[in-house]
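Asks: Got a structure here, written out as structure tokens. Questions coming.
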Number of protein chains: 2
Amino acid sequence: MNRDRPKPVTIHEVAAHAGVSIATVSRALSGSVTVASATRERVLAAVEALRFRPSRLGQSLAEGRHAANGIVFPDLSGPYYAEVVLGYEEIAAELGSSVLILATHGRPDPTWRVLDLARRVDGMVLMGRTVPDSVVSQIADAGMPVVLVARPAVGESDTVSVDNDLGTRGLVEHLLGHGYERFAFVGDPAESPDVASRYAGFRAALLEKGCRPPSEPLRCAFDVASGQQAAVGALRRADRPQVLVCGNDETALGALEAAAELGLSVPDDVAITGWDDVMAARYAGLTTVRQPMRTLGATAARWLQERIAGAPVPVRRQVLQTQLIVRASCGSHDHEQ
Amino acid sequence: MNRDRPKPVTIHEVAAHAGVSIATVSRALSGSVTVASATRERVLAAVEALRFRPSRLGQSLAEGRHAANGIVFPDLSGPYYAEVVLGYEEIAAELGSSVLILATHGRPDPTWRVLDLARRVDGMVLMGRTVPDSVVSQIADAGMPVVLVARPAVGESDTVSVDNDLGTRGLVEHLLGHGYERFAFVGDPAESPDVASRYAGFRAALLEKGCRPPSEPLRCAFDVASGQQAAVGALRRADRPQVLVCGNDETALGALEAAAELGLSVPDDVAITGWDDVMAARYAGLTTVRQPMRTLGATAARWLQERIAGAPVPVRRQVLQTQLIVRASCGSHDHEQ
DNA sequence: GTGTCTATTGTAAGCGCTTTCAGAATATGT
DNA sequence: ACATATTCTGAAAGCGCTTACAATAGACAC
């Protein structure tokens, strides 16, 4: 039936073929120790002849390291996590580590999965709301290097995130400049630490400027449909808000749809803003906040590598800055001319 | 300085703690063989007490399998590959495999990287234009299960892809229905097998309908900026094409920009179409072709698992169907009412 | 009570590699 | 020519686990 798999050649066969011991083969290949050049030639010839590829498992077991690390994220459906992962993978590959990925969102028993991943890597990056703090501690305490991305610091772990607070303040101040007074926030702070910070910044900024924030956010999930649904509810009310500040771009795009359905014009009847600056935001004319996603991943990769190497670096926390992207959805800018 | 890493506890310590041999610990944990329940209790208690987690390396080496597989793609920047990877990871995780990822685009020595990945997995998925056919053969011949996605079949490997040909024909026929006659194709067939098929389908469809296809595609990379640049060139010509059929949505979005810059109205002065139906396409009003990206990845994951399990399945080739998404950019549809 | 089964556990042989330790062989110094 | 370095190589001990294979002990039938 199925041709049985050819058994891979091992270092022993290479050694036999070259007439040396396996130790010599190992040395010839690693290049770490001096091997007589004639011997090396013979070994390499044997390797070539037998198409030998050393077993990663054997190597890793002997060396005591995986030469791999992992990144855990909620999902990959929006551009946000995909970009972070890409930035991460790029640097990790450059530094010689293979990358394992794990999406937790909607999967049974994420904790188990993350702990399982921990058995296959030398270190890992944990993003956002994937596992509870207790699991982070458990992993870190077991001696595994961990870098947190887009989630609040836990214990002594390095943490890199984006300045949601300042970004949101900038956004809110811009909106106040348009003269708006009745704000609503669309998105669930419980969905991710990022959204939580954005909501907090939103409230704080409004309060500081003497504006009354809404008592509650309009909770909804991260996708277009949820945003649309949540926005419809808010826009139907008699005291309809003048601005919908949305937790991310997908939500905001949903809000734009909701406005269109209700026959409301954006930004005249209602202003709408997002967060992330996904590609669609540009075409939808959505005012939003751009964040350095690739850098987030790349920084995490570099830090993780240093931790794995055992660099005596103090705990690091970095907060990357965002950029306000003003487009049509937040109001006319004629006066700016 | 840096607190040294706690040495992980091994099966030996658990065995000592429980007063049994390591074999019994292994059996108690695997559950494959009967172990007296009193003994099992003691072992589990020891595992708990010492917080023992078996080494994946030890297990894999002894079992002779990695319980992991890999997926190789050009990059993750557009939504396309990200979605495929997500679909893949979801099913692979469900089937109990960890997932390693590898992006090749713009990296030095992709072949080396893919061969290195091959040492860490039980099987792998290769997407698009990542490595040459010779490398695919080399890996497959070495006995590693391989599934190809979005690239032409090589040897005996399972292959799953999208019907670029039929999809493009449908698109072209729709465009011909609008009465257009001068077509251009934006995108480089050398960039990916998908684009190559789309270009081929494009030419074939036009020829069949008695329409003269352009002699050359307007070659450009996969991003918005490249598309824009390529389109500007074409739209400036005296005999400007009536339609720009673009290799993917990013390219098409670039073309839309080009038209805007040149003061041309879409679709009145020039019609534009894309491929992929990314989120932005909807907001840009772009006519495009949707493909089942998640399914692509999920199918690959399932097939790969079956191959790894050694199922005596004949070689499989599946071509998934696409869906034409008509929006404003290809022309008015008043007559359809 | 003796013999045969069966359930349970231990012993030990790997899985494929790296690396220490020591020995052999060659080179260097006087 | 002899003592001392220096180079190179092999033997063997792991790395942490799984799994034949063997051994033990209690259960059961007669």
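Chain labels A, B, ... are given in the sequence in which chains occur in the structure tokens; within each chain residues are numbered consecutively from 1, and ligands are likewise numbered from 1 in the order shown.
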Contacts from chain A to chain D, 10 Å maximum, only C-alpha atoms (C1' of nucleotides): show me the residue list as a PyMOL selection string.
Replies: chain A and resi 20-24+33-36+39+58-64
Asks: Per residue of chain B within 8 Å of chain A, note the shortest atom pair and the distance in Å to one decimal, counting only C-alpha atoms, and order the rows by chain and increasing residue number, as a tab-separated table.
Replies:
residue	atom	partner	partner_atom	distance
B:Met1	CA	A:Pro312	CA	6.1
B:Asn2	CA	A:Pro312	CA	5.3
B:Arg5	CA	A:Gly143	CA	5.0
B:Pro6	CA	A:Gly143	CA	5.8
B:Pro8	CA	A:Ala142	CA	7.7
B:Arg53	CA	A:Arg119	CA	7.7
B:Pro54	CA	A:Arg119	CA	7.9
B:Ser55	CA	A:Arg119	CA	6.3
B:Arg56	CA	A:Arg119	CA	5.6
B:Leu57	CA	A:Leu61	CA	5.9
B:Gly58	CA	A:Leu61	CA	6.9
B:Ser60	CA	A:Leu57	CA	7.2
B:Leu61	CA	A:Leu57	CA	5.9
B:Asp75	CA	A:Leu86	CA	7.5
B:Leu76	CA	A:Leu86	CA	6.0
B:Ser77	CA	A:Glu83	CA	6.3
B:Gly78	CA	A:Pro79	CA	7.8
B:Pro79	CA	A:Pro79	CA	6.6
B:Ala82	CA	A:Ala82	CA	6.3
B:Glu83	CA	A:Ser77	CA	6.3
B:Leu86	CA	A:Leu76	CA	6.0
B:Glu89	CA	A:Leu102	CA	7.5
B:Glu90	CA	A:Ala103	CA	7.6
B:Ser98	CA	A:Leu100	CA	7.1
B:Val99	CA	A:Leu100	CA	5.6
B:Leu100	CA	A:Leu100	CA	4.3
B:Ile101	CA	A:Val99	CA	5.9
B:Leu102	CA	A:Val99	CA	7.3
B:Ala103	CA	A:Glu89	CA	7.6
B:Leu117	CA	A:Ser98	CA	7.5
B:Arg119	CA	A:Arg56	CA	5.6
B:Arg120	CA	A:Arg56	CA	6.1
B:Ala142	CA	A:Pro6	CA	6.7
B:Gly143	CA	A:Arg5	CA	5.0
B:Met144	CA	A:Arg5	CA	7.8
B:Met279	CA	A:Ala280	CA	5.9
B:Ala280	CA	A:Ala280	CA	3.7
B:Ala281	CA	A:Ala280	CA	7.3
B:Tyr283	CA	A:Ala284	CA	5.4
B:Ala284	CA	A:Tyr283	CA	5.3
B:Gly310	CA	A:Asn2	CA	7.2
B:Ala311	CA	A:Asn2	CA	7.6
B:Pro312	CA	A:Asn2	CA	5.3
B:Val313	CA	A:Asn2	CA	7.8
Asks: Counting only C-alpha atoms (C1' of nucleotides), give me one row per residue of chain C with an atom at most 7 Å from an atom of chain A, showing the shortest contact pair and its distance in Å to one decimal, sorted by chain then residue number, as CSV.
Replies:
residue,atom,partner,partner_atom,distance
C:DG16,C1',A:Gly58,CA,4.4
C:DC17,C1',A:Gly58,CA,4.2
C:DT18,C1',A:Ala62,CA,5.4
Asks: Output as a ChimeraX atom specification all residues of stretch 109-159 of chain B that backbone DSSP marks as alpha helix (DSSP H).
Replies: /B:110-118,133-141
Asks: Tell me which protein, DNA and RNA residues are within 9 Å of A:Ala184, counting only C-alpha atoms (C1' of nucleotides), leaving out same-chain ones fewer than 3 positions away, and put them as an MDAnalysis selection string.
Replies: chainID A and resid 213:214 216:218 234 241:246
Asks: Distance atom CA of B:Ser197-atom CA of B:Asn164, one decimal place?
Replies: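 Atom CA of B:Asn164 lies at a distance of 5.8 Å from atom CA of B:Ser197.
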